[in-house]
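> protein-v2.cif is the file, holding mmCIF, C-alpha atoms:
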```cif
data_model
loop_
_atom_site.label_atom_id
_atom_site.label_comp_id
_atom_site.auth_asym_id
_atom_site.auth_seq_id
_atom_site.Cartn_x
_atom_site.Cartn_y
_atom_site.Cartn_z
CA TYR U 1 -4.47 -19.69 -7.37
CA GLU U 2 -7.35 -17.42 -8.36
CA ARG U 3 -8.01 -19.53 -11.46
CA GLN U 4 -8.02 -22.63 -9.25
CA ALA U 5 -10.40 -21.00 -6.79
CA ARG U 6 -12.80 -19.91 -9.52
CA ALA U 7 -12.84 -23.46 -10.85
CA ARG U 8 -13.36 -25.08 -7.42
CA GLY U 9 -15.72 -22.55 -5.89
CA ARG U 10 -15.46 -19.27 -4.05
CA THR U 11 -14.15 -20.99 -0.90
CA SER U 12 -11.77 -23.90 -1.44
CA TRP U 13 -8.49 -25.49 -0.38
CA ALA U 14 -5.35 -25.12 -2.50
CA SER U 15 -1.65 -25.87 -2.21
CA LEU U 16 0.66 -22.86 -2.52
CA PRO U 17 4.46 -22.61 -2.48
CA ALA U 18 5.89 -21.85 0.99
CA LEU U 19 2.41 -21.82 2.56
CA GLY U 20 1.35 -25.40 1.87
CA ARG U 21 -2.34 -26.23 2.05
CA VAL U 22 -4.41 -23.07 2.53
CA LEU U 23 -8.09 -22.16 2.52
CA ILE U 24 -8.82 -19.41 -0.02
CA THR U 25 -12.08 -17.49 0.01
CA GLY U 26 -13.57 -14.68 -2.01
CA GLU U 27 -17.09 -15.28 -0.70
CA PRO U 28 -18.41 -12.21 1.15
CA LEU U 29 -20.31 -14.22 3.79
CA VAL U 30 -17.18 -16.23 4.65
CA VAL U 31 -14.95 -13.14 4.50
CA GLY U 32 -17.20 -11.50 7.09
CA GLN U 33 -16.73 -14.51 9.35
CA VAL U 34 -12.95 -14.36 8.91
CA ALA U 35 -12.92 -10.67 9.87
CA SER U 36 -14.25 -11.32 13.36
CA HIS U 37 -13.17 -14.92 13.95
CA PRO U 38 -11.47 -15.13 17.39
CA ASP U 39 -9.23 -18.07 16.37
CA LEU U 40 -7.84 -16.57 13.15
CA ALA U 41 -4.87 -14.28 13.82
CA GLY U 42 -3.55 -11.68 11.43
CA GLY U 43 0.10 -10.65 11.50
CA ARG U 44 1.54 -14.11 12.17
CA ALA U 45 1.99 -14.96 8.49
CA HIS U 46 3.89 -11.77 7.56
CA ARG U 47 7.35 -13.34 7.70
CA ALA U 48 8.78 -11.21 4.89
CA LEU U 49 7.50 -7.96 6.39
CA ARG U 50 8.89 -8.98 9.76
CA ALA U 51 12.29 -9.63 8.16
CA ALA U 52 12.23 -6.32 6.29
CA LEU U 53 10.90 -3.93 8.92
CA GLY U 54 11.27 -5.63 12.28
CA ASP U 55 9.08 -7.47 14.79
CA ASP U 56 7.48 -4.61 16.67
CA HIS U 57 5.10 -2.73 14.38
CA LEU U 58 1.35 -2.80 13.89
CA ILE U 59 1.30 -4.85 10.67
CA VAL U 60 2.99 -7.91 12.19
CA LEU U 61 1.50 -7.82 15.69
CA TRP U 62 -1.62 -9.78 16.64
CA GLY U 63 -3.88 -10.36 19.62
CA PRO U 64 -3.77 -7.98 22.62
CA ALA U 65 -0.45 -6.44 21.49
CA HIS U 66 -2.04 -5.47 18.16
CA ARG U 67 -5.12 -4.02 19.83
CA ARG U 68 -3.02 -1.90 22.21
CA ARG U 69 -0.79 -0.58 19.41
CA ARG U 70 -3.75 0.16 17.15
CA ARG U 71 -5.40 2.26 19.87
CA VAL U 72 -2.29 4.45 19.90
CA ILE U 73 -1.68 4.74 16.14
CA LEU U 74 -5.24 5.06 14.83
CA PRO U 75 -6.00 8.51 16.33
CA ALA U 76 -2.68 9.93 15.09
CA LEU U 77 -3.26 8.80 11.49
CA ARG U 78 -6.94 9.71 11.42
CA GLY U 79 -6.22 13.11 12.91
CA PHE U 80 -3.57 14.07 10.38
CA ASN U 81 -4.76 16.17 7.45
CA ASP U 82 -2.62 18.49 5.36
CA ASP U 83 -4.03 19.08 1.89
CA ARG U 84 -1.57 21.87 1.20
CA LEU U 85 1.38 19.57 1.87
CA THR U 86 0.10 17.01 -0.65
CA ILE U 87 -0.70 19.56 -3.35
CA GLU U 88 2.55 21.51 -2.99
CA THR U 89 4.69 18.36 -2.96
CA THR U 90 2.94 17.04 -6.08
CA ARG U 91 3.43 20.32 -7.97
CA GLU U 92 7.04 20.50 -6.86
CA ALA U 93 7.75 17.04 -8.27
CA MET U 94 5.83 17.69 -11.49
CA ALA U 95 7.80 20.89 -12.09
CA THR U 96 10.95 18.80 -12.53
CA VAL U 97 9.45 16.75 -15.41
CA LEU U 98 10.05 18.22 -18.85
CA PRO U 99 7.11 18.20 -21.29
CA GLY U 100 7.37 15.72 -24.14
CA ARG U 101 8.78 12.92 -21.98
CA LEU U 102 7.48 9.36 -21.68
CA VAL U 103 7.19 8.87 -17.94
CA PRO U 104 6.42 5.69 -15.97
CA MET U 105 3.66 7.04 -13.75
CA HIS U 106 4.40 4.50 -11.03
CA ALA U 107 7.92 5.86 -10.61
CA LEU U 108 6.64 9.44 -10.60
CA VAL U 109 3.90 8.95 -8.00
CA HIS U 110 6.24 6.74 -5.99
CA GLU U 111 8.63 9.68 -5.61
CA ILE U 112 5.75 12.05 -4.82
CA SER U 113 4.23 9.79 -2.17
CA LEU U 114 7.66 9.12 -0.60
CA ARG U 115 8.26 12.87 -0.23
CA ILE U 116 4.78 13.37 1.20
CA MET U 117 5.29 10.63 3.80
CA VAL U 118 8.69 12.00 4.87
CA ARG U 119 7.18 15.45 5.31
CA ALA U 120 4.05 14.11 7.03
CA LEU U 121 6.16 12.12 9.48
CA LEU U 122 8.85 14.69 10.18
CA GLY U 123 7.51 18.06 9.06
CA ARG U 124 9.52 20.34 6.80
CA LEU U 125 13.24 19.69 7.16
CA PRO U 126 16.20 21.63 5.73
CA ALA U 127 16.61 20.63 2.08
CA ASP U 128 19.90 18.80 2.61
CA ARG U 129 18.55 16.81 5.58
CA GLU U 130 15.41 15.84 3.67
CA ALA U 131 17.47 14.82 0.62
CA GLU U 132 19.63 12.63 2.84
CA ILE U 133 16.61 10.80 4.29
CA LEU U 134 15.00 10.40 0.87
CA GLY U 135 18.23 8.93 -0.47
CA GLN U 136 18.48 6.51 2.45
CA ALA U 137 14.86 5.40 1.93
CA ARG U 138 15.58 4.69 -1.75
CA ASP U 139 18.75 2.78 -0.81
CA PHE U 140 16.77 0.70 1.67
CA GLN U 141 14.17 -0.13 -0.99
CA ARG U 142 16.91 -1.26 -3.35
CA SER U 143 17.89 -3.86 -0.74
CA PHE U 144 14.84 -5.85 -1.85
CA SER U 145 15.87 -6.21 -5.49
CA ASN U 146 16.28 -9.91 -4.69
CA PRO U 147 13.19 -10.76 -2.58
CA LEU U 148 14.52 -14.20 -1.68
CA VAL U 149 16.52 -12.59 1.12
CA LEU U 150 13.19 -11.87 2.86
CA TYR U 151 11.60 -15.27 2.30
CA VAL U 152 14.51 -17.69 2.78
CA ALA U 153 15.82 -17.67 6.36
CA ALA U 154 19.14 -19.25 5.32
CA LEU U 155 19.96 -16.15 3.25
CA ARG U 156 19.50 -13.83 6.21
CA ARG U 157 23.14 -13.96 7.24
CA ASP U 158 25.35 -10.92 7.62
CA TRP U 159 28.58 -11.67 5.79
CA GLY U 160 29.62 -8.04 5.67
CA ARG U 161 28.63 -4.90 3.84
CA TRP U 162 28.61 -6.60 0.42
CA SER U 163 26.24 -9.42 1.33
CA PRO U 164 22.53 -8.80 0.47
CA TRP U 165 21.38 -9.19 4.07
CA GLY U 166 24.30 -7.18 5.38
CA ARG U 167 23.42 -4.29 3.06
CA LEU U 168 19.77 -4.43 4.11
CA VAL U 169 20.57 -4.38 7.82
CA ARG U 170 23.01 -1.47 7.51
CA ARG U 171 20.75 0.58 5.26
CA ARG U 172 17.82 0.01 7.59
CA ALA U 173 19.88 1.08 10.60
CA ARG U 174 21.05 4.27 8.86
CA LEU U 175 17.51 5.18 7.81
CA VAL U 176 16.06 4.59 11.27
CA GLU U 177 18.87 6.59 12.88
CA SER U 178 18.20 9.50 10.52
CA LEU U 179 14.44 9.39 11.13
CA LEU U 180 14.91 9.42 14.91
CA GLY U 181 17.59 12.10 14.72
CA ALA U 182 15.42 14.36 12.57
CA LEU U 183 12.46 13.87 14.87
CA ARG U 184 14.34 14.63 18.08
CA SER U 185 16.14 17.65 16.66
CA ARG U 186 12.92 19.38 15.66
CA GLY U 187 11.42 20.15 19.03
CA PRO U 188 7.63 20.63 19.22
CA HIS U 189 6.06 20.60 15.76
CA ASN U 190 3.02 19.30 13.90
CA SER U 191 3.78 15.91 12.36
CA LEU U 192 2.71 12.31 12.57
CA SER U 193 5.86 11.24 14.31
CA ALA U 194 5.51 13.98 16.94
CA ALA U 195 2.10 12.55 17.79
CA LEU U 196 3.51 9.01 17.85
CA LEU U 197 6.44 10.10 20.02
CA GLN U 198 4.05 11.21 22.73
CA GLU U 199 2.07 7.95 22.76
CA LEU U 200 4.35 5.05 21.76
CA GLU U 201 6.70 3.11 23.99
CA PRO U 202 10.26 4.26 23.16
CA GLN U 203 11.32 0.81 21.92
CA ALA U 204 8.39 0.70 19.43
CA LEU U 205 9.00 4.08 17.82
CA PRO U 206 11.82 3.07 15.42
CA THR U 207 9.95 0.21 13.76
CA GLU U 208 6.65 2.10 13.60
CA LEU U 209 8.36 5.07 11.95
CA LEU U 210 9.97 2.75 9.42
CA ALA U 211 6.75 0.82 8.73
CA ASN U 212 4.68 3.99 8.29
CA LEU U 213 7.23 5.51 5.94
CA MET U 214 7.87 2.49 3.76
CA PHE U 215 4.51 0.77 3.61
CA GLY U 216 2.57 4.04 3.61
CA HIS U 217 4.02 5.39 0.38
CA GLU U 218 4.50 2.04 -1.44
CA THR U 219 0.81 1.11 -1.38
CA THR U 220 -0.28 4.63 -2.36
CA ALA U 221 2.06 4.62 -5.35
CA GLY U 222 0.88 1.19 -6.50
CA ALA U 223 -2.77 2.19 -6.27
CA LEU U 224 -2.18 5.45 -8.17
CA ALA U 225 -0.26 3.64 -10.93
CA TRP U 226 -3.37 1.52 -11.51
CA ALA U 227 -5.60 4.61 -11.38
CA PHE U 228 -3.65 6.20 -14.25
CA ALA U 229 -3.91 2.95 -16.21
CA HIS U 230 -7.68 2.91 -15.71
CA LEU U 231 -8.13 6.38 -17.18
CA ALA U 232 -8.16 4.56 -20.52
CA LEU U 233 -11.39 2.80 -19.46
CA ALA U 234 -13.28 6.00 -18.58
CA PRO U 235 -12.45 8.78 -21.08
CA GLU U 236 -14.79 11.22 -19.35
CA ALA U 237 -12.99 10.79 -16.03
CA CYS U 238 -10.05 13.12 -16.71
CA GLY U 239 -12.20 16.23 -16.91
CA ARG U 240 -14.25 15.41 -13.83
CA ILE U 241 -11.17 14.60 -11.77
CA ALA U 242 -9.22 17.66 -12.98
CA SER U 243 -12.17 19.90 -12.09
CA GLY U 244 -11.79 18.91 -8.45
CA ASP U 245 -14.90 16.71 -8.11
CA ASP U 246 -13.88 14.98 -4.87
CA ALA U 247 -16.78 12.52 -4.71
CA TYR U 248 -16.22 11.30 -8.26
CA THR U 249 -12.41 11.19 -7.85
CA GLU U 250 -12.74 9.02 -4.76
CA ALA U 251 -15.27 6.77 -6.54
CA PHE U 252 -12.87 6.45 -9.48
CA LEU U 253 -10.03 5.45 -7.16
CA GLN U 254 -12.25 2.97 -5.32
CA GLU U 255 -13.27 1.32 -8.58
CA SER U 256 -9.63 1.20 -9.65
CA LEU U 257 -8.78 -0.48 -6.34
CA ARG U 258 -11.64 -2.90 -6.87
CA LEU U 259 -10.50 -4.10 -10.28
CA CYS U 260 -6.77 -4.05 -9.50
CA PRO U 261 -5.98 -3.91 -5.78
CA ALA U 262 -2.33 -3.18 -5.06
CA VAL U 263 -2.55 -5.70 -2.20
CA ALA U 264 -4.18 -8.81 -3.66
CA GLN U 265 -4.70 -10.94 -0.56
CA LEU U 266 -4.74 -11.04 3.22
CA THR U 267 -3.64 -13.85 5.53
CA ARG U 268 -4.91 -15.27 8.77
CA VAL U 269 -3.39 -18.17 10.75
CA ALA U 270 -5.47 -20.54 12.87
CA GLU U 271 -4.25 -20.40 16.47
CA ARG U 272 -6.05 -23.66 17.31
CA ASP U 273 -8.22 -26.26 15.56
CA THR U 274 -11.32 -24.42 14.48
CA CYS U 275 -14.04 -24.22 11.84
CA LEU U 276 -15.00 -21.66 9.25
CA GLY U 277 -18.46 -22.53 8.07
CA GLU U 278 -18.31 -26.14 6.87
CA HIS U 279 -14.52 -26.10 6.60
CA LYS U 280 -12.38 -27.61 9.37
CA ILE U 281 -9.13 -25.69 9.84
CA PRO U 282 -6.25 -27.30 11.75
CA ALA U 283 -4.09 -25.23 14.11
CA GLY U 284 -1.34 -23.45 12.18
CA ALA U 285 -3.17 -23.54 8.84
CA THR U 286 -3.45 -20.39 6.75
CA VAL U 287 -6.70 -18.79 5.58
CA ILE U 288 -6.48 -16.31 2.70
CA PRO U 289 -9.31 -13.83 2.13
CA SER U 290 -8.61 -13.05 -1.52
CA ILE U 291 -9.22 -9.37 -2.21
CA SER U 292 -9.03 -9.98 -5.96
CA LEU U 293 -11.67 -12.71 -5.85
CA SER U 294 -14.01 -10.79 -3.55
CA HIS U 295 -13.80 -7.64 -5.65
CA LYS U 296 -15.13 -9.53 -8.67
CA ASP U 297 -17.93 -11.28 -6.83
CA PRO U 298 -20.84 -11.37 -9.30
CA GLU U 299 -23.47 -11.15 -6.57
CA ALA U 300 -21.91 -8.07 -4.99
CA PHE U 301 -21.00 -6.22 -8.20
CA VAL U 302 -23.17 -6.11 -11.30
CA GLU U 303 -21.00 -6.60 -14.41
CA ALA U 304 -18.04 -7.10 -12.11
CA GLU U 305 -15.46 -7.05 -14.94
CA ARG U 306 -16.62 -3.63 -16.15
CA PHE U 307 -14.95 -0.41 -14.92
CA CYS U 308 -17.71 1.73 -13.47
CA PRO U 309 -16.78 4.38 -10.86
CA GLU U 310 -20.43 5.33 -10.37
CA ARG U 311 -21.04 2.10 -8.45
CA PHE U 312 -19.08 3.68 -5.57
CA LEU U 313 -21.28 6.74 -5.35
CA GLY U 314 -23.51 4.51 -3.21
CA PRO U 315 -22.87 1.90 -0.50
CA VAL U 316 -21.15 -1.43 -1.21
CA ASN U 317 -20.87 -4.67 0.75
CA PRO U 318 -17.85 -4.25 3.11
CA TRP U 319 -17.15 -8.02 2.96
CA ALA U 320 -16.98 -7.90 -0.85
CA TYR U 321 -14.78 -4.80 -0.99
CA TYR U 322 -11.82 -4.39 1.36
CA PRO U 323 -8.71 -3.02 -0.40
CA PHE U 324 -7.45 -1.61 2.93
CA GLY U 325 -7.96 -4.80 4.93
CA LEU U 326 -10.61 -6.26 7.21
CA GLY U 327 -12.11 -5.33 10.55
CA ASN U 328 -9.69 -4.32 13.28
CA ARG U 329 -6.76 -5.14 10.98
CA SER U 330 -7.79 -2.65 8.32
CA CYS U 331 -5.23 0.02 7.49
CA PRO U 332 -5.37 2.77 10.15
CA GLY U 333 -4.14 5.26 7.54
CA LYS U 334 -6.97 4.54 5.08
CA SER U 335 -8.57 8.00 5.19
CA MET U 336 -5.17 9.70 5.00
CA ALA U 337 -4.13 7.56 2.01
CA MET U 338 -7.41 8.12 0.15
CA ARG U 339 -7.20 11.87 0.63
CA GLN U 340 -3.62 11.93 -0.63
CA MET U 341 -4.54 9.87 -3.70
CA VAL U 342 -7.50 12.13 -4.50
CA LEU U 343 -5.33 15.26 -4.32
CA ILE U 344 -2.34 13.80 -6.21
CA LEU U 345 -4.57 12.56 -9.04
CA GLN U 346 -6.49 15.85 -9.24
CA THR U 347 -3.33 17.95 -9.14
CA ILE U 348 -1.56 16.02 -11.90
CA LEU U 349 -4.58 15.89 -14.22
CA ALA U 350 -5.32 19.58 -13.64
CA GLY U 351 -1.71 20.57 -14.34
CA TRP U 352 -0.62 18.27 -17.16
CA ASP U 353 -1.89 17.00 -20.50
CA LEU U 354 -1.30 13.24 -20.45
CA ALA U 355 -1.49 10.62 -23.18
CA PHE U 356 -0.98 6.86 -23.14
CA GLU U 357 1.90 5.27 -24.95
CA ARG U 358 0.58 3.82 -28.21
CA GLY U 359 -0.30 0.16 -27.83
CA TYR U 360 0.21 0.02 -24.07
CA ARG U 361 -2.09 -2.33 -22.17
CA ALA U 362 -1.67 -2.68 -18.44
CA ARG U 363 -1.21 -6.12 -16.97
CA PRO U 364 -0.45 -7.03 -13.35
CA VAL U 365 3.07 -7.89 -12.22
CA ARG U 366 4.26 -8.80 -8.76
CA GLN U 367 6.58 -6.30 -7.09
CA LEU U 368 7.58 -7.76 -3.75
CA PHE U 369 4.48 -7.33 -1.53
CA LEU U 370 2.38 -5.49 -4.13
CA VAL U 371 0.76 -5.99 -7.54
CA VAL U 372 1.42 -3.11 -9.94
CA PRO U 373 0.94 -2.47 -13.69
CA HIS U 374 3.87 -3.66 -15.79
CA ARG U 375 6.25 -0.91 -16.91
CA GLY U 376 4.57 1.35 -14.37
CA THR U 377 1.90 2.79 -16.72
CA PRO U 378 4.07 4.78 -19.19
CA MET U 379 2.41 8.05 -20.27
CA TRP U 380 3.46 11.00 -22.38
CA LEU U 381 3.47 14.26 -20.42
CA ARG U 382 2.81 16.41 -23.44
CA GLU U 383 2.58 19.88 -21.94
CA SER U 384 2.12 21.73 -18.69
CA ILE U 385 -1.21 23.41 -18.05
CA GLN U 386 -1.18 26.53 -15.94
CA ALA U 387 -2.36 25.30 -12.56
CA PRO U 388 -4.15 27.55 -10.05
CA GLY U 389 -2.30 28.60 -6.92
CA PRO U 390 -2.66 26.60 -3.71
#
```
Now that the file is in, can you turn its structure into structure tokens?

Amino acid sequence: YERQARARGRTSWASLPALGRVLITGEPLVVGQVASHPDLAGGRAHRALRAALGDDHLIVLWGPAHRRRRRVILPALRGFNDDRLTIETTREAMATVLPGRLVPMHALVHEISLRIMVRALLGRLPADREAEILGQARDFQRSFSNPLVLYVAALRRDWGRWSPWGRLVRRRARLVESLLGALRSRGPHNSLSAALLQELEPQALPTELLANLMFGHETTAGALAWAFAHLALAPEACGRIASGDDAYTEAFLQESLRLCPAVAQLTRVAERDTCLGEHKIPAGATVIPSISLSHKDPEAFVEAERFCPERFLGPVNPWAYYPFGLGNRSCPGKSMAMRQMVLILQTILAGWDLAFERGYRARPVRQLFLVVPHRGTPMWLRESIQAPGP
């Protein structure tokens, strides 16, 4: 649809499978209007996420319910900061990789970010309890190997433990039970879930725990996989990142997210007949602010197709660049995710000598809700470099 939109203009109507006729925009002025439009609701169009994670979490709520939940979750996520946890978990995972191996970086950082999220949510658990929860999270993710079960309502039937939907439901229940059990057995401790436990309504805690765990690490892993792929476009970047230059590392990640956002689009649904600029939008119609289109806007970004981290050492138009979402529906864990990505990237590049597989060129592939580099950015981990202590 991006090719269609570029041909028709930066804001245009298109017909998409399952969604029908939708208005797609990558125009910063229109995107800014979408962000604050009172008749365009976020959350309503996330049918697959609702099927996967439940109906009562921040991502799928809208209106007053979303605003109330966001007021509870935002302080907890913004207030959490544990650099040592991120660095130690990254080094721990890297220590298990033997030098001389060709490693899909997406799979590696996926495992690292999953471990970090489990530990951020629950604190340090006994090794066997943590391994159990990690295994259950991986099992739950494997339930989506056929994404049709999330998009086609007729397939969401529980015909027993061997049916796709039956497996998903049972794996989700086991994971949620383990998360709640681990949380309640800990007593007072410093973790995200302890903060959420104090503020959330009891019935909302299970789905918010699940959503934070699953969506929190998936998006981080996808973004980091692209960051490793983009090292090929900035040969000088490895040294600056490995040296611990936080400002440059964050700019590098932001430019990587600009060229290849892990989440390519947002959705809003018109709650009543309304207008967006010159476009009339009927009630129930979908509006898609296209992150991919906006991030390549030629008026907002000079030489928009070129990889240039330095452009993020200064301010950018927030309606042309929004990899974490828009307005009051932007990701509440943005600062936490960015800090984790900075530290994971710095720790790996400071501790390992990496090389690209000969002939590899990254191209985007769809992986359920995200867009990731095909084959997960395979790189040779040639040798371990002696890393400084924490």
> Between U:Ser178, U:Ser185, U:Ser191, U:Ser243, which is the closest to Gly351 of chain U once you count only C-alpha atoms?
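When distances to Gly351 of chain U are compared using only C-alpha atoms, the smallest one comes from U:Ser243.
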> The PyMOL selection byres ((chain U and resi 375-377) around 6) on the file shown: which residues, as a list in words?
Pro104, Met105, His106, Ala229, Pro373, His374 and Pro378 of chain U
> May I have the residues from that selection written out with C-alpha atoms, as a compact mmCIF listing (two decimals), in the coordinates of the input?

```txt
# COMPACT_ATOMS: atom_id res chain seq x y z
CA PRO U 104 6.42 5.69 -15.97
CA MET U 105 3.66 7.04 -13.75
CA HIS U 106 4.40 4.50 -11.03
CA ALA U 229 -3.91 2.95 -16.21
CA PRO U 373 0.94 -2.47 -13.69
CA HIS U 374 3.87 -3.66 -15.79
CA PRO U 378 4.07 4.78 -19.19
```
> Just want the 9 Å neighbourhood of Glu310 of chain U, counted on all atoms listed in the file, with same-chain residues fewer than 3 positions away dropped. Output as a PyMOL selection string.
chain U and resi 248+251-252+255+313-314
> Run the PyMOL selection byres ((chain U and resi 222-228) around 10) on the file and write out the hits as a PyMOL selection string.
chain U and resi 104-110+113+217-221+229-233+238+252-257+259-263+323+337-338+341-342+344-345+349+354+356+362-364+367+370-379
> How many Å separate atom CA of Val316 of chain U from atom CA of Ser292 of chain U?
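About the pair atom CA of Val316 of chain U and atom CA of Ser292 of chain U: they are 15.6 Å apart.
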> Pick out the closest residue to Leu168 of chain U from this set: U:Ile73, U:Ile281, U:Ala51, U:Leu196. Count all atoms listed in the file.
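Between U:Ile73, U:Ile281, U:Ala51, U:Leu196, the residue approaching Leu168 of chain U most closely is U:Ala51.
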> Taking the file as shown, what set of residues would the PyMOL selection byres ((chain U and resi 150-161) around 10) give back, as a PDB file with C-alpha atoms, in the coordinates of the input?

```pdb
ATOM      1  CA  ALA U  18       5.890 -21.850   0.990  1.00  0.00           C
ATOM      2  CA  HIS U  46       3.890 -11.770   7.560  1.00  0.00           C
ATOM      3  CA  ARG U  47       7.350 -13.340   7.700  1.00  0.00           C
ATOM      4  CA  ALA U  48       8.780 -11.210   4.890  1.00  0.00           C
ATOM      5  CA  LEU U  49       7.500  -7.960   6.390  1.00  0.00           C
ATOM      6  CA  ARG U  50       8.890  -8.980   9.760  1.00  0.00           C
ATOM      7  CA  ALA U  51      12.290  -9.630   8.160  1.00  0.00           C
ATOM      8  CA  ALA U  52      12.230  -6.320   6.290  1.00  0.00           C
ATOM      9  CA  SER U 143      17.890  -3.860  -0.740  1.00  0.00           C
ATOM     10  CA  PHE U 144      14.840  -5.850  -1.850  1.00  0.00           C
ATOM     11  CA  ASN U 146      16.280  -9.910  -4.690  1.00  0.00           C
ATOM     12  CA  PRO U 147      13.190 -10.760  -2.580  1.00  0.00           C
ATOM     13  CA  LEU U 148      14.520 -14.200  -1.680  1.00  0.00           C
ATOM     14  CA  VAL U 149      16.520 -12.590   1.120  1.00  0.00           C
ATOM     15  CA  TRP U 162      28.610  -6.600   0.420  1.00  0.00           C
ATOM     16  CA  SER U 163      26.240  -9.420   1.330  1.00  0.00           C
ATOM     17  CA  PRO U 164      22.530  -8.800   0.470  1.00  0.00           C
ATOM     18  CA  TRP U 165      21.380  -9.190   4.070  1.00  0.00           C
ATOM     19  CA  GLY U 166      24.300  -7.180   5.380  1.00  0.00           C
ATOM     20  CA  ARG U 167      23.420  -4.290   3.060  1.00  0.00           C
ATOM     21  CA  LEU U 168      19.770  -4.430   4.110  1.00  0.00           C
ATOM     22  CA  VAL U 169      20.570  -4.380   7.820  1.00  0.00           C
ATOM     23  CA  ARG U 170      23.010  -1.470   7.510  1.00  0.00           C
ATOM     24  CA  ARG U 171      20.750   0.580   5.260  1.00  0.00           C
ATOM     25  CA  LEU U 368       7.580  -7.760  -3.750  1.00  0.00           C
TER      26      LEU U 368
END
```
> Show which residues sit within 8 Å of Glu27 of chain U, as a ChimeraX atom specification. Count all atoms listed in the file, and ignore same-chain residues fewer than 6 positions away.
/U:10-11,293-294,297,320
> Hey, what's within 9 Å of Phe80 of chain U if we count all atoms listed in the file and toss same-chain stuff fewer than 6 positions away? As an NGL selection string, please?
:U and (120 or 191-192 or 336)
> Could you tell me how far atom CA of Ser193 of chain U lies from atom CA of Val72 of chain U, in Å and to one decimal?
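That distance, rounded to one decimal, is 12.0 Å.
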> Find the residues with any atom within 8 Å of (0.3, -11.2, 14.9); use all atoms listed in the file and the coordinates as given in the file, and write the answer as a CSV table (one decimal) with C-alpha atoms, in the frame of the given file.

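Wrote out-v9.csv, looks like this:
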```csv
chain,number,residue,atom,x,y,z
U,41,ALA,CA,-4.9,-14.3,13.8
U,42,GLY,CA,-3.6,-11.7,11.4
U,43,GLY,CA,0.1,-10.6,11.5
U,44,ARG,CA,1.5,-14.1,12.2
U,45,ALA,CA,2.0,-15.0,8.5
U,59,ILE,CA,1.3,-4.8,10.7
U,60,VAL,CA,3.0,-7.9,12.2
U,61,LEU,CA,1.5,-7.8,15.7
U,62,TRP,CA,-1.6,-9.8,16.6
U,63,GLY,CA,-3.9,-10.4,19.6
U,66,HIS,CA,-2.0,-5.5,18.2
```
> So, with only C-alpha atoms as the atoms that count, which of U:Gln141, U:Thr274, U:Ser12, U:Gln198 lies closest to Phe215 of chain U?
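Of U:Gln141, U:Thr274, U:Ser12, U:Gln198, the one nearest Phe215 of chain U, counting only C-alpha atoms, is U:Gln141.
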> Considering only C-alpha atoms, return as a PyMOL selection string whatever protein or nucleic-acid residues lie within 9 Å of segment 206-209 of chain U, sequence-local ones (same chain, fewer than 6 positions apart) excluded.
chain U and resi 53-58+121+176-177+179-180+193+196+200
> Which residue, U:Glu357, U:Asp39, U:Asp83, U:Glu305, has the smallest gap to Ala285 of chain U when you use only C-alpha atoms?
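Going through U:Glu357, U:Asp39, U:Asp83, U:Glu305 one by one, the smallest distance to Ala285 of chain U is for U:Asp39.
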